Each structure stands twice: as C-alpha cells, then as structure tokens.
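Chemist: Below is one structure. I have some questions about it.
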Amino acid sequence: MDDRYGGDVLAAGWRTAGRRPIPEVAAARDLVVEVAGDGFCGAVTGIQSGLVELEDRVGRRRQFPLGGGFLIDGGAVRLVAPSAAPKPRTRTASGSFAAPEERARVARASRILVEGRHDAELVEKVWGADLRVEGVVVEYLEGVDLLEQTLRDEPPGPQRRYGVLVDHLVPGSKEQRIADAVARGPHGAHVLVVGHPHVDVWECVTPRAVGIPAWPTVPRGTDWKTGVCRALGWPAEEQADIARAWQRILGSVHTFRDLDPALLGRVEQLIDFVTQEG
C-alpha cells in the first residue's frame with residue numbers, strides 16, 4: 001500500500017524537506033543587494049552590531065538585520081558578516097617580526113651589560129620584546145671601569161657569555177684600552193665588548209627624533225649632560241632636571257629608526273653573541 005505522506009511526518013527536518021537551501025553571502029563592502037518585500041536596493045557600506053547598512057543610488061542609507069530576507073539578482077540569500085581578515089604580522093620596535101604570543105623564555109645565564117641606567121632603558125625600549133623572547137637580561141655596570149671586577153666576581157664561560165655595550169669606544173680612549181685588555185685576558189673568548197663613538201647614549205638618539213637641529217658640542221671640563229641641557233635651553237640646575245631631560249629624549253624614541261645606526265648594529269651584534277649555543 002502506498003504511503004501517501006512519504007514517511008514519518010514528525011521526523012527531524014520534515015519542515016525543510018524538499019526546500020532548496022538559501023545560500024549565505026558575506027556582506028562585503030559595495031555588494032549590491034535588494035531587501036525582499038521592501039524593494040529597497042543598495043550597496044553595502046558597513047556592518048555594525050548585527051546590522052548591515054545599505055546605500056541606494058541617490059545616497060539614502062538604511063540599516064537592516066543580517067540574515068535572511070535579501071535578494072541578489074532575484075535570488076534569495078542570507079547576508080552574514082564577512083570573515084575577519086588575518087592580522088598582518090607586526091614588528092617590534094627593533095624592526096624584527098613579533099613572535100606569536102607566548103611565555104617569555106626563562107632567563108639565560110648569558111647577559112648584556114651596559115654602562116648606565118639610561119643605556120639599559122634605551123635598549124629595553126627598542127629591543128625589550130626581542131630580548132624577552134630570547135631570555136636575555138640587560139644589566140648595568142655603573143661604569144666600564146667595573147667590568148674587570150664583574151668578570152672576576154662572576155666569571156663567564158661557554159654557557160655564560162657576556163656582551164658589553166660601552167659609550168665612546170674610539171681608538172685611544174679609556175674604553176678601548178679596557179676592551180682590549182678584556183679581549184687578551186682569560187675570559188676573552190666568552191666576552192664581547194662593543195660600543196658606539198658618542199660621548200653618551202643620549203647622542204645615539206637622532207636629533208630629528210628629539211626635534212633639535214643637532215646635538216650640541218659641550219666644552220671639556222663641563223658635565224656633558226648638563227652642558228647639553230643648557231645649550232638646548234632646558235633646565236639643568238639639579239639632578240631632577242637631568243632626569244626629566246632624559247625622559248623627554250627617551251619618549252621621542254619609538255622604533256629603531258629613531259636611533260643612530262652606530263648603536264643599532266652593535267646591539268644586534270651583542271644579542272647574536274649571547275644567544276649562541278655552546
């Protein structure tokens with residue numbers, strides 16, 4: 001005997017049996033659609049809070065809920081929000097590609113040593129993200145004169161390398177003599193001393209970034225930072241003035257492009273040195 005109902009009328013899906021599925025279409029900008037039963041026809045101008053905004057040919061704009069009730073070329077469609085585009089790879093302040101979000105690596109035994117707090121703060125601002133991924137800690141020496149004592153107190157080795165960044169590393173300088181002595185000493189294979197030619201790390205920030213024509217020349221016998229502040233018309237009566245001047249300079253640094261290449265190459269060299277295995 002024929003089953004006039006074709007099966008169980010209460011089975012799942014009986015309401016949609018025989019119907020053609022309505023295709024889903026992403027509501028991309030400039031897509032032209034018609035609102036069924038309304039007659040309004042326009043191009044997609046945007047999506048917000050589950051609503052799609054359409055603009056018709058005379059500039060009138062209206063909003064409609066996403067979902068069914070739209071036509072494209074006379075055919076019914078369901079408008080859905082477009083898939084989010086993949087985020088472009090971002091770069092760190094040093095110019096390298098940012099690593100995926102992950103826990104910072106456990107600190108290595110190897111270190112980068114710098115002469116002062118300002119040096120450490122500048123390195124952290126530009127290379128901090130890279131250093132955390134590599135597990136490299138930056139410490140300050142409070143003066144290159146203390147380097148040899150530091151090496152005696154905590155000797156370096158194959159698994160504990162020291163990269164040292166110093167100011168004013170030029171031929172004949174005190175800094176160059178110290179660097180040469182370390183290279184000839186018992187720890188030379190595990191210590192790399194490099195530096196920039198400037199008197200102070202302040203000068204490693206480009207004048208363009210700071211908004212000055214050039215870094216002033218300070219006469220011998222005058223404290224360099226104090227002389228710079230006075231020449232630029234900045235307060236320089238007490239240590240707090242010098243600290244504020246440095247914060248002003250540091251605040252002008254946003255990426256590696258704000259630094260002198262003479263510093264950039266040296267810091268990258270130190271990072272490579274202290275992250276070598278074995």
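As shown in the structure tokens, the chain order sets the letters A, B, ...; within each chain, residues go from 1, and ligands are also counted from 1 in the order they appear.
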Using DSSP secondary structure from the backbone, list all strand (DSSP E or B) positions within range 102-133 of chain A, as a PyMOL selection string.
Modeler: chain A and resi 111-114
Chemist: Based on the backbone DSSP call, show me all residues of range 16-209 of chain A assigned alpha helix (DSSP H), as a PyMOL selection string.
Modeler: chain A and resi 117-134+147-153+174-184+207-209
Chemist: Neighbouring residues of Glu268 in chain A were defined as those with any atom within 12 Å, considering only C-alpha atoms; residues of the same chain fewer than 4 positions away were excluded. Please report them as a PyMOL selection string.
Modeler: chain A and resi 94-96+112+123+126-127+130-131+163-165+194-195+256+261-264+272-275
Chemist: Counting only C-alpha atoms, what is within 12 Å of Leu147 in chain A, bar same-chain residues fewer than 4 positions away, as a PyMOL selection string?
Modeler: chain A and resi 112-115+139-143+151-156+162-166+175+178-179+181-182+187+191-193
Chemist: Suppose we keep C-alpha atoms; can you now write the selection as a tab-separated table (two decimals), in the first residue's frame?
Modeler:
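As written to disk, selection-v4.tsv reads:
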chain	number	residue	atom	x	y	z
A	112	ILE	CA	74.20	42.01	28.15
A	113	LEU	CA	75.95	44.59	30.32
A	114	VAL	CA	75.62	48.33	29.72
A	115	GLU	CA	77.31	51.29	31.36
A	139	GLU	CA	72.21	44.68	33.47
A	140	TYR	CA	74.04	47.93	34.01
A	141	LEU	CA	77.63	48.29	35.23
A	142	GLU	CA	77.57	51.86	36.54
A	143	GLY	CA	80.77	52.39	34.56
A	151	LEU	CA	84.25	39.32	35.40
A	152	ARG	CA	86.28	38.23	38.42
A	153	ASP	CA	83.23	38.02	40.67
A	154	GLU	CA	81.06	36.14	38.16
A	155	PRO	CA	83.38	34.57	35.58
A	156	PRO	CA	81.89	33.96	32.12
A	162	TYR	CA	78.78	38.49	28.44
A	163	GLY	CA	78.06	41.09	25.79
A	164	VAL	CA	79.16	44.55	26.88
A	165	LEU	CA	77.98	47.85	25.38
A	166	VAL	CA	80.06	50.93	26.20
A	175	GLU	CA	87.09	52.40	26.99
A	178	ILE	CA	89.71	48.27	28.75
A	179	ALA	CA	88.08	46.41	25.86
A	181	ALA	CA	92.61	44.16	27.97
A	182	VAL	CA	89.47	42.03	28.36
A	187	HIS	CA	87.77	35.49	29.66
A	191	VAL	CA	83.15	38.27	26.44
A	192	LEU	CA	82.41	40.67	23.59
A	193	VAL	CA	82.91	44.39	24.20
Chemist: Could you check how far CA of His118 in chain A sits from CA of Gly185 in chain A, in Å to one decimal?
Modeler: 28.4 Å
Chemist: Between A:Ala231, A:Arg108, A:Asp38, A:Gly135, which one has atoms that come closest to Gln159 in chain A, using only C-alpha atoms?
Modeler: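 Distance minimum relative to Gln159 in chain A lands on A:Arg108.
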Chemist: Just checking: using only C-alpha atoms, which residue out of A:Val144, A:Ala120, A:Ala189, A:Ala76 ends up closest to Arg177 in chain A?
Modeler: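 Checking each of A:Val144, A:Ala120, A:Ala189, A:Ala76 against Arg177 in chain A, counting only C-alpha atoms, the winner is A:Val144.
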Chemist: Using only C-alpha atoms for the distances, tell me which of A:Thr217, A:Pro186, A:Asp167, A:Asp260 is nearest to Val199 in chain A.
Modeler: A:Asp167
Chemist: Near Val106 in chain A, counting only C-alpha atoms, which residues have an atom at most 10 Å away, once you skip same-chain residues fewer than 3 positions from it, shown as a ChimeraX atom specification?
Modeler: /A:103,109,132-137
Chemist: What gap, in Å, lies between CA of Ile212 in chain A and CA of Gly116 in chain A?
Modeler: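 Computing it gives 23.8 Å between the two atoms.
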Chemist: Can you tell me which residues surround Arg29 in chain A at a distance of at most 8 Å, considering only C-alpha atoms, apart from same-chain residues fewer than 3 positions away, and format the answer as a PyMOL selection string?
Modeler: chain A and resi 43-46
Chemist: Which residues are close to range 60-63 of chain A, i.e. within 10 Å by only C-alpha atoms, leaving aside same-chain residues fewer than 2 positions away? Reply as a list of chain:residue names.
Modeler: A:Phe40, A:Cys41, A:Gly42, A:Ala43, A:Val44, A:Thr45, A:Gly46, A:Ile47, A:Gln48, A:Gly50, A:Leu51, A:Val52, A:Glu53, A:Leu54, A:Glu55, A:Asp56, A:Arg57, A:Val58, A:Pro65, A:Leu66
Chemist: Which residue is closest to Val267 in chain A? Choose from A:Gly59, A:Gln239, A:Ala28, A:Cys204 and count only C-alpha atoms.
Modeler: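 Closest candidate: A:Cys204.
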